[in-house]
file protein-v1.cif (mmCIF, C-alpha atoms)
data_coords
loop_
_atom_site.group_PDB
_atom_site.id
_atom_site.type_symbol
_atom_site.label_atom_id
_atom_site.label_comp_id
_atom_site.auth_asym_id
_atom_site.auth_seq_id
_atom_site.Cartn_x
_atom_site.Cartn_y
_atom_site.Cartn_z
ATOM 1 C CA MET O 434 -2.500 12.945 21.856
ATOM 2 C CA CYS O 435 -2.671 13.317 25.601
ATOM 3 C CA ALA O 436 0.658 14.568 26.878
ATOM 4 C CA ASP O 437 0.592 12.528 30.081
ATOM 5 C CA LEU O 438 0.716 9.208 28.197
ATOM 6 C CA ASP O 439 4.009 7.443 28.673
ATOM 7 C CA LYS O 440 5.874 7.474 25.374
ATOM 8 C CA LYS O 441 7.293 4.004 25.787
ATOM 9 C CA LYS O 442 3.876 2.507 26.512
ATOM 10 C CA LEU O 443 2.459 4.368 23.525
ATOM 11 C CA PHE O 444 5.041 2.832 21.188
ATOM 12 C CA LEU O 445 4.494 -0.627 22.657
ATOM 13 C CA LYS O 446 0.746 -0.240 22.230
ATOM 14 C CA PHE O 447 1.180 0.842 18.615
ATOM 15 C CA PHE O 448 3.552 -1.960 17.636
ATOM 16 C CA GLY O 449 1.515 -4.551 19.541
ATOM 17 C CA ALA O 450 -1.651 -3.528 17.695
ATOM 18 C CA LEU O 451 0.263 -3.440 14.385
ATOM 19 C CA ILE O 452 1.441 -7.038 14.881
ATOM 20 C CA LEU O 453 -2.106 -8.164 15.715
ATOM 21 C CA PHE O 454 -3.594 -6.543 12.602
ATOM 22 C CA LEU O 455 -0.816 -7.934 10.410
ATOM 23 C CA ALA O 456 -1.440 -11.385 11.872
ATOM 24 C CA GLY O 457 -5.128 -10.986 11.027
ATOM 25 C CA GLY O 458 -4.224 -10.140 7.440
ATOM 26 C CA PHE O 459 -2.057 -13.261 7.192
ATOM 27 C CA ILE O 460 -4.782 -15.432 8.720
ATOM 28 C CA LEU O 461 -7.339 -14.164 6.185
ATOM 29 C CA TYR O 462 -4.874 -14.550 3.294
ATOM 30 C CA SER O 463 -6.478 -17.677 1.826
ATOM 31 C CA ILE O 464 -9.865 -15.912 1.695
ATOM 32 C CA LEU O 465 -9.000 -12.339 0.767
ATOM 33 C CA PHE O 466 -5.977 -12.768 -1.512
ATOM 34 C CA PRO O 467 -7.811 -14.640 -4.324
ATOM 35 C CA ILE O 468 -10.582 -12.032 -4.294
ATOM 36 C CA TYR O 469 -8.294 -9.006 -4.243
ATOM 37 C CA SER O 470 -5.783 -10.355 -6.753
ATOM 38 C CA SER O 471 -8.523 -11.378 -9.195
ATOM 39 C CA LEU O 472 -10.026 -7.866 -9.079
ATOM 40 C CA VAL O 473 -6.644 -6.199 -9.587
ATOM 41 C CA LEU O 474 -5.618 -8.550 -12.396
ATOM 42 C CA SER O 475 -8.971 -8.401 -14.186
ATOM 43 C CA LEU O 476 -8.793 -4.622 -14.479
ATOM 44 C CA SER O 477 -5.070 -4.499 -15.252
ATOM 45 C CA LYS O 478 -5.479 -7.176 -17.962
ATOM 46 C CA GLY O 479 -8.334 -5.125 -19.426
ATOM 47 C CA LEU O 480 -6.014 -2.100 -19.615
ATOM 48 C CA LEU O 481 -3.309 -4.235 -21.241
ATOM 49 C CA LEU O 482 -5.641 -5.689 -23.867
ATOM 50 C CA ALA O 483 -6.991 -2.216 -24.618
ATOM 51 C CA SER O 484 -3.457 -0.847 -25.063
ATOM 52 C CA ASN O 485 -2.274 -3.688 -27.357
ATOM 53 C CA GLU O 486 -4.600 -4.684 -30.182
ATOM 54 C CA HIS O 487 -2.333 -7.620 -31.075
ATOM 55 C CA LEU O 488 -2.964 -9.379 -27.779
ATOM 56 C CA VAL O 489 -5.781 -11.925 -27.858
ATOM 57 C CA LYS O 490 -5.555 -13.278 -24.337
ATOM 58 C CA VAL O 491 -3.620 -12.754 -21.127
ATOM 59 C CA LEU O 492 -3.497 -15.456 -18.465
ATOM 60 C CA VAL O 493 -2.001 -14.789 -15.045
ATOM 61 C CA LYS O 494 -1.438 -17.253 -12.216
ATOM 62 C CA PRO O 495 -0.288 -15.250 -9.189
ATOM 63 C CA HIS O 496 0.448 -18.279 -7.017
ATOM 64 C CA GLU O 497 2.735 -19.704 -9.709
ATOM 65 C CA SER O 498 4.228 -16.311 -10.627
ATOM 66 C CA VAL O 499 3.422 -16.915 -14.292
ATOM 67 C CA ALA O 500 1.909 -14.721 -16.996
ATOM 68 C CA ALA O 501 0.990 -16.025 -20.473
ATOM 69 C CA PHE O 502 0.439 -13.791 -23.507
ATOM 70 C CA LEU O 503 -1.296 -15.014 -26.661
ATOM 71 C CA PHE O 504 -0.746 -12.822 -29.745
ATOM 72 C CA GLN O 505 -2.870 -12.686 -32.893
ATOM 73 C CA GLU O 506 0.037 -13.334 -35.262
ATOM 74 C CA SER O 507 1.115 -16.537 -33.522
ATOM 75 C CA PRO O 508 -0.660 -19.401 -31.767
ATOM 76 C CA GLU O 509 2.326 -19.729 -29.435
ATOM 77 C CA ILE O 510 1.926 -18.687 -25.795
ATOM 78 C CA TYR O 511 4.888 -16.879 -24.303
ATOM 79 C CA ILE O 512 5.530 -17.523 -20.614
ATOM 80 C CA SER O 513 7.229 -14.991 -18.365
ATOM 81 C CA PRO O 514 7.577 -14.608 -14.571
ATOM 82 C CA TYR O 515 5.091 -12.404 -12.763
ATOM 83 C CA ASN O 516 3.897 -11.999 -9.179
ATOM 84 C CA VAL O 517 0.919 -10.098 -7.752
ATOM 85 C CA TYR O 518 1.366 -11.356 -4.191
ATOM 86 C CA TYR O 519 2.908 -8.066 -3.026
ATOM 87 C CA SER O 520 -0.318 -6.152 -3.797
ATOM 88 C CA TYR O 521 -2.226 -7.960 -1.059
ATOM 89 C CA MET O 522 0.611 -7.617 1.469
ATOM 90 C CA ASN O 523 0.855 -3.928 0.566
ATOM 91 C CA LEU O 524 -2.844 -3.557 1.334
ATOM 92 C CA VAL O 525 -2.592 -5.447 4.644
ATOM 93 C CA PHE O 526 0.390 -3.407 5.804
ATOM 94 C CA GLY O 527 -1.189 -0.062 4.892
ATOM 95 C CA THR O 528 -4.489 -0.752 6.645
ATOM 96 C CA ALA O 529 -2.712 -2.308 9.656
ATOM 97 C CA LEU O 530 -0.653 0.855 10.141
ATOM 98 C CA ILE O 531 -3.809 2.988 10.158
ATOM 99 C CA ALA O 532 -5.794 0.623 12.385
ATOM 100 C CA ALA O 533 -2.950 0.424 14.933
ATOM 101 C CA THR O 534 -2.404 4.181 15.186
ATOM 102 C CA PRO O 535 -3.403 5.481 18.646
ATOM 103 C CA GLY O 536 -5.325 8.707 19.019
ATOM 104 C CA GLU O 537 -7.880 7.855 16.309
ATOM 105 C CA THR O 538 -11.538 6.996 16.856
ATOM 106 C CA ILE O 539 -12.856 3.662 15.576
ATOM 107 C CA ARG O 540 -15.086 5.479 13.090
ATOM 108 C CA GLY O 541 -12.146 7.562 11.913
ATOM 109 C CA LYS O 542 -9.962 4.482 11.505
ATOM 110 C CA VAL O 543 -12.634 2.673 9.491
ATOM 111 C CA GLY O 544 -13.062 5.642 7.169
ATOM 112 C CA LYS O 545 -9.329 6.069 6.689
ATOM 113 C CA CYS O 546 -8.823 2.345 6.119
ATOM 114 C CA LEU O 547 -11.505 2.374 3.420
ATOM 115 C CA THR O 548 -9.849 5.401 1.813
ATOM 116 C CA ALA O 549 -6.486 3.604 1.904
ATOM 117 C CA VAL O 550 -8.010 0.476 0.345
ATOM 118 C CA GLY O 551 -9.468 2.536 -2.508
ATOM 119 C CA VAL O 552 -6.227 4.415 -3.190
ATOM 120 C CA LEU O 553 -4.066 1.282 -2.961
ATOM 121 C CA PHE O 554 -6.487 -0.591 -5.216
ATOM 122 C CA VAL O 555 -6.014 1.996 -7.978
ATOM 123 C CA ILE O 556 -2.232 2.023 -7.420
ATOM 124 C CA HIS O 557 -2.091 -1.786 -7.632
ATOM 125 C CA ILE O 558 -4.113 -1.854 -10.857
ATOM 126 C CA PHE O 559 -1.615 0.456 -12.560
ATOM 127 C CA GLN O 560 1.374 -1.315 -11.006
ATOM 128 C CA SER O 561 0.011 -4.597 -12.337
ATOM 129 C CA PHE O 562 -0.604 -3.055 -15.777
ATOM 130 C CA PHE O 563 2.948 -1.678 -15.952
ATOM 131 C CA ASP O 564 4.366 -5.045 -14.867
ATOM 132 C CA LEU O 565 2.348 -7.000 -17.420
ATOM 133 C CA ALA O 566 3.014 -4.507 -20.205
ATOM 134 C CA TYR O 567 6.742 -4.611 -19.486
ATOM 135 C CA VAL O 568 6.821 -8.422 -19.380
ATOM 136 C CA SER O 569 4.841 -8.613 -22.628
ATOM 137 C CA THR O 570 7.673 -6.741 -24.381
ATOM 138 C CA LEU O 571 10.173 -9.399 -23.247
ATOM 139 C CA THR O 572 8.294 -12.486 -24.447
ATOM 140 C CA GLY O 573 10.086 -12.773 -27.789
ATOM 141 C CA ALA O 574 6.985 -11.830 -29.776
ATOM 142 C CA ALA O 575 7.347 -10.396 -33.233
ATOM 143 C CA PRO O 576 8.130 -6.629 -33.107
ATOM 144 C CA GLN O 577 4.819 -5.784 -34.789
ATOM 145 C CA SER O 578 2.989 -7.557 -31.947
ATOM 146 C CA VAL O 579 4.294 -5.019 -29.421
ATOM 147 C CA PRO O 580 2.922 -1.581 -30.328
ATOM 148 C CA TYR O 581 4.715 0.346 -27.594
ATOM 149 C CA GLY O 582 7.310 2.847 -28.751
ATOM 150 C CA GLU O 583 10.852 3.043 -27.437
ATOM 151 C CA ALA O 584 10.012 5.888 -25.047
ATOM 152 C CA PHE O 585 7.120 3.967 -23.487
ATOM 153 C CA ARG O 586 9.253 0.821 -23.216
ATOM 154 C CA THR O 587 11.876 2.826 -21.365
ATOM 155 C CA PHE O 588 9.170 4.172 -19.071
ATOM 156 C CA LEU O 589 7.895 0.633 -18.432
ATOM 157 C CA ARG O 590 11.404 -0.554 -17.607
ATOM 158 C CA GLU O 591 11.965 2.293 -15.135
ATOM 159 C CA ALA O 592 8.497 1.793 -13.623
ATOM 160 C CA GLU O 593 9.335 -1.892 -13.171
ATOM 161 C CA ARG O 594 12.575 -0.986 -11.407
ATOM 162 C CA PHE O 595 10.827 1.511 -9.147
ATOM 163 C CA ASN O 596 8.081 -0.969 -8.263
ATOM 164 C CA GLY O 597 10.664 -3.620 -7.497
ATOM 165 C CA HIS O 598 12.647 -1.387 -5.144
ATOM 166 C CA MET O 599 10.246 1.187 -3.688
ATOM 167 C CA GLY O 600 6.743 0.210 -4.825
ATOM 168 C CA LEU O 601 6.445 -2.301 -1.990
ATOM 169 C CA ILE O 602 7.374 0.204 0.707
ATOM 170 C CA LEU O 603 6.334 3.736 -0.196
ATOM 171 C CA PRO O 604 2.540 3.530 -0.855
ATOM 172 C CA PRO O 605 1.436 2.192 2.571
ATOM 173 C CA PHE O 606 3.769 4.511 4.516
ATOM 174 C CA LEU O 607 2.828 7.599 2.492
ATOM 175 C CA LEU O 608 -0.875 6.830 2.888
ATOM 176 C CA TRP O 609 -0.470 6.182 6.607
ATOM 177 C CA PHE O 610 1.319 9.484 7.148
ATOM 178 C CA GLY O 611 -1.026 11.374 4.844
ATOM 179 C CA LEU O 612 -4.196 10.122 6.527
ATOM 180 C CA CYS O 613 -2.940 9.977 10.136
ATOM 181 C CA HIS O 614 -0.231 12.651 10.207
ATOM 182 C CA ASN O 615 -1.588 14.368 13.336
ATOM 183 C CA SER O 616 -1.536 11.155 15.334
ATOM 184 C CA VAL O 617 1.785 10.023 13.840
ATOM 185 C CA LEU O 618 3.443 13.316 14.770
ATOM 186 C CA GLY O 619 1.802 13.067 18.189
ATOM 187 C CA ILE O 620 3.470 9.696 18.739
ATOM 188 C CA ALA O 621 6.863 11.139 17.873
ATOM 189 C CA LYS O 622 6.412 14.348 19.877
ATOM 190 C CA SER O 623 8.009 14.409 23.285
ATOM 191 C CA SER O 624 5.556 14.744 26.143
ATOM 192 C CA PRO O 625 6.009 17.881 28.239
ATOM 193 C CA LYS O 626 7.066 17.224 31.791
ATOM 194 C CA LYS O 627 5.058 18.351 34.766
ATOM 195 C CA GLY O 628 5.763 21.940 35.713
ATOM 196 C CA LYS O 629 7.151 22.800 32.299
ATOM 197 C CA PHE O 630 4.544 25.499 31.696
ATOM 198 C CA SER O 631 4.502 28.488 34.023
ATOM 199 C CA GLY O 632 1.735 31.016 34.465
ATOM 200 C CA ILE O 633 -0.977 28.562 33.423
ATOM 201 C CA GLY O 634 -4.150 28.356 35.488
ATOM 202 C CA ARG O 635 -5.226 24.896 36.608
ATOM 203 C CA ASN O 636 -8.549 25.262 34.812
ATOM 204 C CA ASP O 637 -7.000 26.633 31.603
ATOM 205 C CA LEU O 638 -6.574 24.455 28.536
ATOM 206 C CA CYS O 639 -3.260 22.629 28.575
ATOM 207 C CA PRO O 640 -0.694 24.239 26.230
ATOM 208 C CA CYS O 641 0.431 20.786 25.061
ATOM 209 C CA GLY O 642 -2.569 20.696 22.711
ATOM 210 C CA SER O 643 -4.361 17.713 24.236
ATOM 211 C CA GLY O 644 -7.615 19.669 24.580
ATOM 212 C CA ARG O 645 -7.866 18.883 28.297
ATOM 213 C CA LYS O 646 -7.605 21.207 31.254
ATOM 214 C CA TYR O 647 -4.092 21.792 32.564
ATOM 215 C CA LYS O 648 -4.905 20.244 35.965
ATOM 216 C CA ALA O 649 -6.074 17.019 34.303
ATOM 217 C CA CYS O 650 -3.131 16.823 31.924
ATOM 218 C CA CYS O 651 0.428 18.116 32.310
ATOM 219 C CA GLY O 652 -0.383 19.864 35.580
ATOM 220 C CA ARG O 653 -1.061 16.664 37.477
#
call {"tool": "encode", "arguments": {"input": "protein-v1.cif", "output": "structure tokens"}}
result
Amino acid sequence: MCADLDKKKLFLKFFGALILFLAGGFILYSILFPIYSSLVLSLSKGLLLASNEHLVKVLVKPHESVAAFLFQESPEIYISPYNVYYSYMNLVFGTALIAATPGETIRGKVGKCLTAVGVLFVIHIFQSFFDLAYVSTLTGAAPQSVPYGEAFRTFLREAERFNGHMGLILPPFLLWFGLCHNSVLGIAKSSPKKGKFSGIGRNDLCPCGSGRKYKACCGR
């Protein structure tokens, strides 16, 4: 980050760009959400069916926050609440943070956004699987229809709690910091004032780390 950039303007630029990218994600919701949620749910339902041989069918309606589980031993369908909406918003927020970060090239931002999408996609598949698996244990099905042991049920319950409290917040922020930590720390770092460095030649590289000559950076 160039040290002569005004810190206040830098923050305003970042938050302004963040709002614009978030708005774009909301605008494209009707197009992208059905695609993304169907991919996440298809794979998570596949994991659920593979982990429970008693399940015949799993139906999920994200917009209605409903999941239906059909077991082999009973023709009855058990309905329980479920919501996959947060997965899309998680994705939008994570990519918006990266795209809005100053000090990154367009090519770098695109690459990091694609990396974030891939990582979040895998995270959301397993979050969805844990949610569905946990809900399937609460449907009132016969005990033999739920093959998970007590230890795994406890794990599912704790995973559900974690997802409900921190799963919506942590992944995008951790990815943003992990992929853009140099720029993020550059935003937070105080800019050196003019004349702070002594004994530096005007044509020497600026000690602030901007990569520019001192006369064109902090020495102006």
call {"tool": "resolve_selection", "arguments": {"input": "protein-v1.cif", "expression": "the PyMOL selection byres ((chain O and resi 565) around 9)", "output": "NGL selection string"}}
result
:O and (477-478 or 481 or 500 or 515 or 560-564 or 566-570)
call {"tool": "atom_distance", "arguments": {"input": "protein-v1.cif", "atom1": "CA of Phe454 in chain O", "atom2": "CA of Glu593 in chain O"}}
result
29.2 Å
call {"tool": "atom_distance", "arguments": {"input": "protein-v1.cif", "atom1": "CA of Phe466 in chain O", "atom2": "CA of Leu453 in chain O"}}
result
18.2 Å
call {"tool": "residues_around", "arguments": {"input": "protein-v1.cif", "residues": "Glu537 in chain O", "least_positions_apart": "4", "cutoff": "9 Å", "atoms": "all atoms listed in the file", "output": "list in words"}}
result
Ile531, Ala532, Gly541, Lys542, Cys613 and Ser616 of chain O
call {"tool": "resolve_selection", "arguments": {"input": "protein-v1.cif", "expression": "the PyMOL selection byres ((chain O and resi 604) around 10)", "output": "ChimeraX atom specification"}}
result
/O:523-524,526-527,549,552-553,556-557,599-603,605-609
call {"tool": "residues_around", "arguments": {"input": "protein-v1.cif", "residues": "His487 in chain O", "least_positions_apart": "2", "cutoff": "7 Å", "atoms": "all atoms listed in the file", "output": "number ranges by chain"}}
result
O: 485, 489, 504-505, 578
call {"tool": "write_last_selection", "arguments": {"input": "protein-v1.cif", "atoms": "C-alpha atoms", "output": "short mmCIF file (atom, residue, chain, number, x, y, z; two decimals), keeping the file's coordinate frame"}}
result
data_model
loop_
_atom_site.label_atom_id
_atom_site.label_comp_id
_atom_site.auth_asym_id
_atom_site.auth_seq_id
_atom_site.Cartn_x
_atom_site.Cartn_y
_atom_site.Cartn_z
CA ASN O 485 -2.27 -3.69 -27.36
CA VAL O 489 -5.78 -11.92 -27.86
CA PHE O 504 -0.75 -12.82 -29.74
CA GLN O 505 -2.87 -12.69 -32.89
CA SER O 578 2.99 -7.56 -31.95
#
call {"tool": "closest_residue", "arguments": {"input": "protein-v1.cif", "among": "O:Glu506, O:Phe585, O:Val525, O:Ile512", "to": "Ile460 in chain O", "atoms": "all atoms listed in the file"}}
result
O:Val525
call {"tool": "residues_around", "arguments": {"input": "protein-v1.cif", "residues": "Val617 in chain O", "least_positions_apart": "6", "cutoff": "9 Å", "atoms": "all atoms listed in the file", "output": "number ranges by chain"}}
result
O: 534-536, 609-610
call {"tool": "atom_distance", "arguments": {"input": "protein-v1.cif", "atom1": "CA of Leu461 in chain O", "atom2": "CA of Tyr518 in chain O"}}
result
13.8 Å
call {"tool": "axis_aligned_box", "arguments": {"input": "protein-v1.cif", "around": "range 451-468 of chain O", "padding_each_side": "4 Å", "output": "JSON"}}
result
{"center_x": -4.6, "center_y": -10.6, "center_z": 5.7, "size_x": 20.0, "size_y": 22.2, "size_z": 28.0}
call {"tool": "residues_around", "arguments": {"input": "protein-v1.cif", "residues": "Phe448 in chain O", "least_positions_apart": "2", "cutoff": "12 Å", "atoms": "only C-alpha atoms", "output": "ChimeraX atom specification"}}
result
/O:441-446,450-455,529-535,620
call {"tool": "write_last_selection", "arguments": {"input": "protein-v1.cif", "atoms": "C-alpha atoms", "output": "short mmCIF file (atom, residue, chain, number, x, y, z; two decimals), in the coordinates of the input"}}
result
data_model
loop_
_atom_site.label_atom_id
_atom_site.label_comp_id
_atom_site.auth_asym_id
_atom_site.auth_seq_id
_atom_site.Cartn_x
_atom_site.Cartn_y
_atom_site.Cartn_z
CA LYS O 441 7.29 4.00 25.79
CA LYS O 442 3.88 2.51 26.51
CA LEU O 443 2.46 4.37 23.52
CA PHE O 444 5.04 2.83 21.19
CA LEU O 445 4.49 -0.63 22.66
CA LYS O 446 0.75 -0.24 22.23
CA ALA O 450 -1.65 -3.53 17.70
CA LEU O 451 0.26 -3.44 14.38
CA ILE O 452 1.44 -7.04 14.88
CA LEU O 453 -2.11 -8.16 15.72
CA PHE O 454 -3.59 -6.54 12.60
CA LEU O 455 -0.82 -7.93 10.41
CA ALA O 529 -2.71 -2.31 9.66
CA LEU O 530 -0.65 0.86 10.14
CA ILE O 531 -3.81 2.99 10.16
CA ALA O 532 -5.79 0.62 12.38
CA ALA O 533 -2.95 0.42 14.93
CA THR O 534 -2.40 4.18 15.19
CA PRO O 535 -3.40 5.48 18.65
CA ILE O 620 3.47 9.70 18.74
#
call {"tool": "decode", "arguments": {"input": "protein-v1.cif", "residues": "range 569-580 of chain O", "atoms": "all heavy atoms", "output": "PDB file, in the first residue's frame"}}
result
ATOM      1  N   SER O 569     -32.467 -34.737  10.510  1.00  0.00           N
ATOM      2  CA  SER O 569     -33.036 -36.067  10.259  1.00  0.00           C
ATOM      3  C   SER O 569     -33.117 -36.900  11.529  1.00  0.00           C
ATOM      4  O   SER O 569     -33.904 -37.841  11.606  1.00  0.00           O
ATOM      5  CB  SER O 569     -32.207 -36.812   9.205  1.00  0.00           C
ATOM      6  OG  SER O 569     -30.954 -37.221   9.730  1.00  0.00           O
ATOM      7  N   THR O 570     -32.299 -36.563  12.537  1.00  0.00           N
ATOM      8  CA  THR O 570     -32.359 -37.296  13.813  1.00  0.00           C
ATOM      9  C   THR O 570     -33.477 -36.781  14.707  1.00  0.00           C
ATOM     10  O   THR O 570     -33.758 -37.380  15.748  1.00  0.00           O
ATOM     11  CB  THR O 570     -31.022 -37.182  14.574  1.00  0.00           C
ATOM     12  OG1 THR O 570     -30.821 -35.818  14.983  1.00  0.00           O
ATOM     13  CG2 THR O 570     -29.861 -37.632  13.716  1.00  0.00           C
ATOM     14  N   LEU O 571     -34.101 -35.664  14.327  1.00  0.00           N
ATOM     15  CA  LEU O 571     -35.151 -35.057  15.152  1.00  0.00           C
ATOM     16  C   LEU O 571     -36.537 -35.239  14.555  1.00  0.00           C
ATOM     17  O   LEU O 571     -37.498 -34.643  15.027  1.00  0.00           O
ATOM     18  CB  LEU O 571     -34.877 -33.553  15.319  1.00  0.00           C
ATOM     19  CG  LEU O 571     -33.503 -33.160  15.860  1.00  0.00           C
ATOM     20  CD1 LEU O 571     -33.373 -31.648  15.873  1.00  0.00           C
ATOM     21  CD2 LEU O 571     -33.286 -33.729  17.260  1.00  0.00           C
ATOM     22  N   THR O 572     -36.658 -36.034  13.499  1.00  0.00           N
ATOM     23  CA  THR O 572     -37.925 -36.135  12.775  1.00  0.00           C
ATOM     24  C   THR O 572     -38.930 -37.058  13.436  1.00  0.00           C
ATOM     25  O   THR O 572     -40.064 -37.144  13.004  1.00  0.00           O
ATOM     26  CB  THR O 572     -37.675 -36.646  11.349  1.00  0.00           C
ATOM     27  OG1 THR O 572     -36.968 -37.896  11.423  1.00  0.00           O
ATOM     28  CG2 THR O 572     -36.856 -35.655  10.554  1.00  0.00           C
ATOM     29  N   GLY O 573     -38.525 -37.811  14.451  1.00  0.00           N
ATOM     30  CA  GLY O 573     -39.437 -38.752  15.083  1.00  0.00           C
ATOM     31  C   GLY O 573     -39.433 -40.109  14.406  1.00  0.00           C
ATOM     32  O   GLY O 573     -40.317 -40.930  14.638  1.00  0.00           O
ATOM     33  N   ALA O 574     -38.427 -40.350  13.547  1.00  0.00           N
ATOM     34  CA  ALA O 574     -38.334 -41.646  12.878  1.00  0.00           C
ATOM     35  C   ALA O 574     -37.990 -42.735  13.881  1.00  0.00           C
ATOM     36  O   ALA O 574     -37.483 -42.471  14.966  1.00  0.00           O
ATOM     37  CB  ALA O 574     -37.272 -41.579  11.788  1.00  0.00           C
ATOM     38  N   ALA O 575     -38.278 -43.955  13.502  1.00  0.00           N
ATOM     39  CA  ALA O 575     -37.926 -45.076  14.364  1.00  0.00           C
ATOM     40  C   ALA O 575     -36.421 -45.083  14.599  1.00  0.00           C
ATOM     41  O   ALA O 575     -35.644 -44.740  13.701  1.00  0.00           O
ATOM     42  CB  ALA O 575     -38.365 -46.386  13.706  1.00  0.00           C
ATOM     43  N   PRO O 576     -35.964 -45.456  15.812  1.00  0.00           N
ATOM     44  CA  PRO O 576     -34.529 -45.435  16.138  1.00  0.00           C
ATOM     45  C   PRO O 576     -33.672 -46.172  15.128  1.00  0.00           C
ATOM     46  O   PRO O 576     -32.555 -45.745  14.819  1.00  0.00           O
ATOM     47  CB  PRO O 576     -34.472 -46.100  17.523  1.00  0.00           C
ATOM     48  CG  PRO O 576     -35.828 -45.851  18.104  1.00  0.00           C
ATOM     49  CD  PRO O 576     -36.790 -45.902  16.950  1.00  0.00           C
ATOM     50  N   GLN O 577     -34.192 -47.303  14.600  1.00  0.00           N
ATOM     51  CA  GLN O 577     -33.394 -48.079  13.644  1.00  0.00           C
ATOM     52  C   GLN O 577     -33.225 -47.353  12.310  1.00  0.00           C
ATOM     53  O   GLN O 577     -32.384 -47.734  11.489  1.00  0.00           O
ATOM     54  CB  GLN O 577     -34.014 -49.464  13.412  1.00  0.00           C
ATOM     55  CG  GLN O 577     -35.391 -49.447  12.758  1.00  0.00           C
ATOM     56  CD  GLN O 577     -36.506 -49.407  13.778  1.00  0.00           C
ATOM     57  OE1 GLN O 577     -36.271 -49.030  14.924  1.00  0.00           O
ATOM     58  NE2 GLN O 577     -37.705 -49.813  13.381  1.00  0.00           N
ATOM     59  N   SER O 578     -34.044 -46.316  12.073  1.00  0.00           N
ATOM     60  CA  SER O 578     -33.937 -45.568  10.822  1.00  0.00           C
ATOM     61  C   SER O 578     -32.827 -44.522  10.871  1.00  0.00           C
ATOM     62  O   SER O 578     -32.484 -43.931   9.858  1.00  0.00           O
ATOM     63  CB  SER O 578     -35.268 -44.873  10.500  1.00  0.00           C
ATOM     64  OG  SER O 578     -36.294 -45.825  10.308  1.00  0.00           O
ATOM     65  N   VAL O 579     -32.291 -44.275  12.054  1.00  0.00           N
ATOM     66  CA  VAL O 579     -31.218 -43.293  12.222  1.00  0.00           C
ATOM     67  C   VAL O 579     -29.965 -44.028  12.688  1.00  0.00           C
ATOM     68  O   VAL O 579     -29.854 -44.378  13.868  1.00  0.00           O
ATOM     69  CB  VAL O 579     -31.615 -42.198  13.238  1.00  0.00           C
ATOM     70  CG1 VAL O 579     -30.515 -41.156  13.336  1.00  0.00           C
ATOM     71  CG2 VAL O 579     -32.930 -41.549  12.836  1.00  0.00           C
ATOM     72  N   PRO O 580     -29.032 -44.299  11.778  1.00  0.00           N
ATOM     73  CA  PRO O 580     -27.895 -45.153  12.110  1.00  0.00           C
ATOM     74  C   PRO O 580     -26.791 -44.454  12.895  1.00  0.00           C
ATOM     75  O   PRO O 580     -25.857 -45.105  13.326  1.00  0.00           O
ATOM     76  CB  PRO O 580     -27.379 -45.561  10.725  1.00  0.00           C
ATOM     77  CG  PRO O 580     -27.691 -44.379   9.863  1.00  0.00           C
ATOM     78  CD  PRO O 580     -29.004 -43.847  10.383  1.00  0.00           C
TER      79      PRO O 580
END
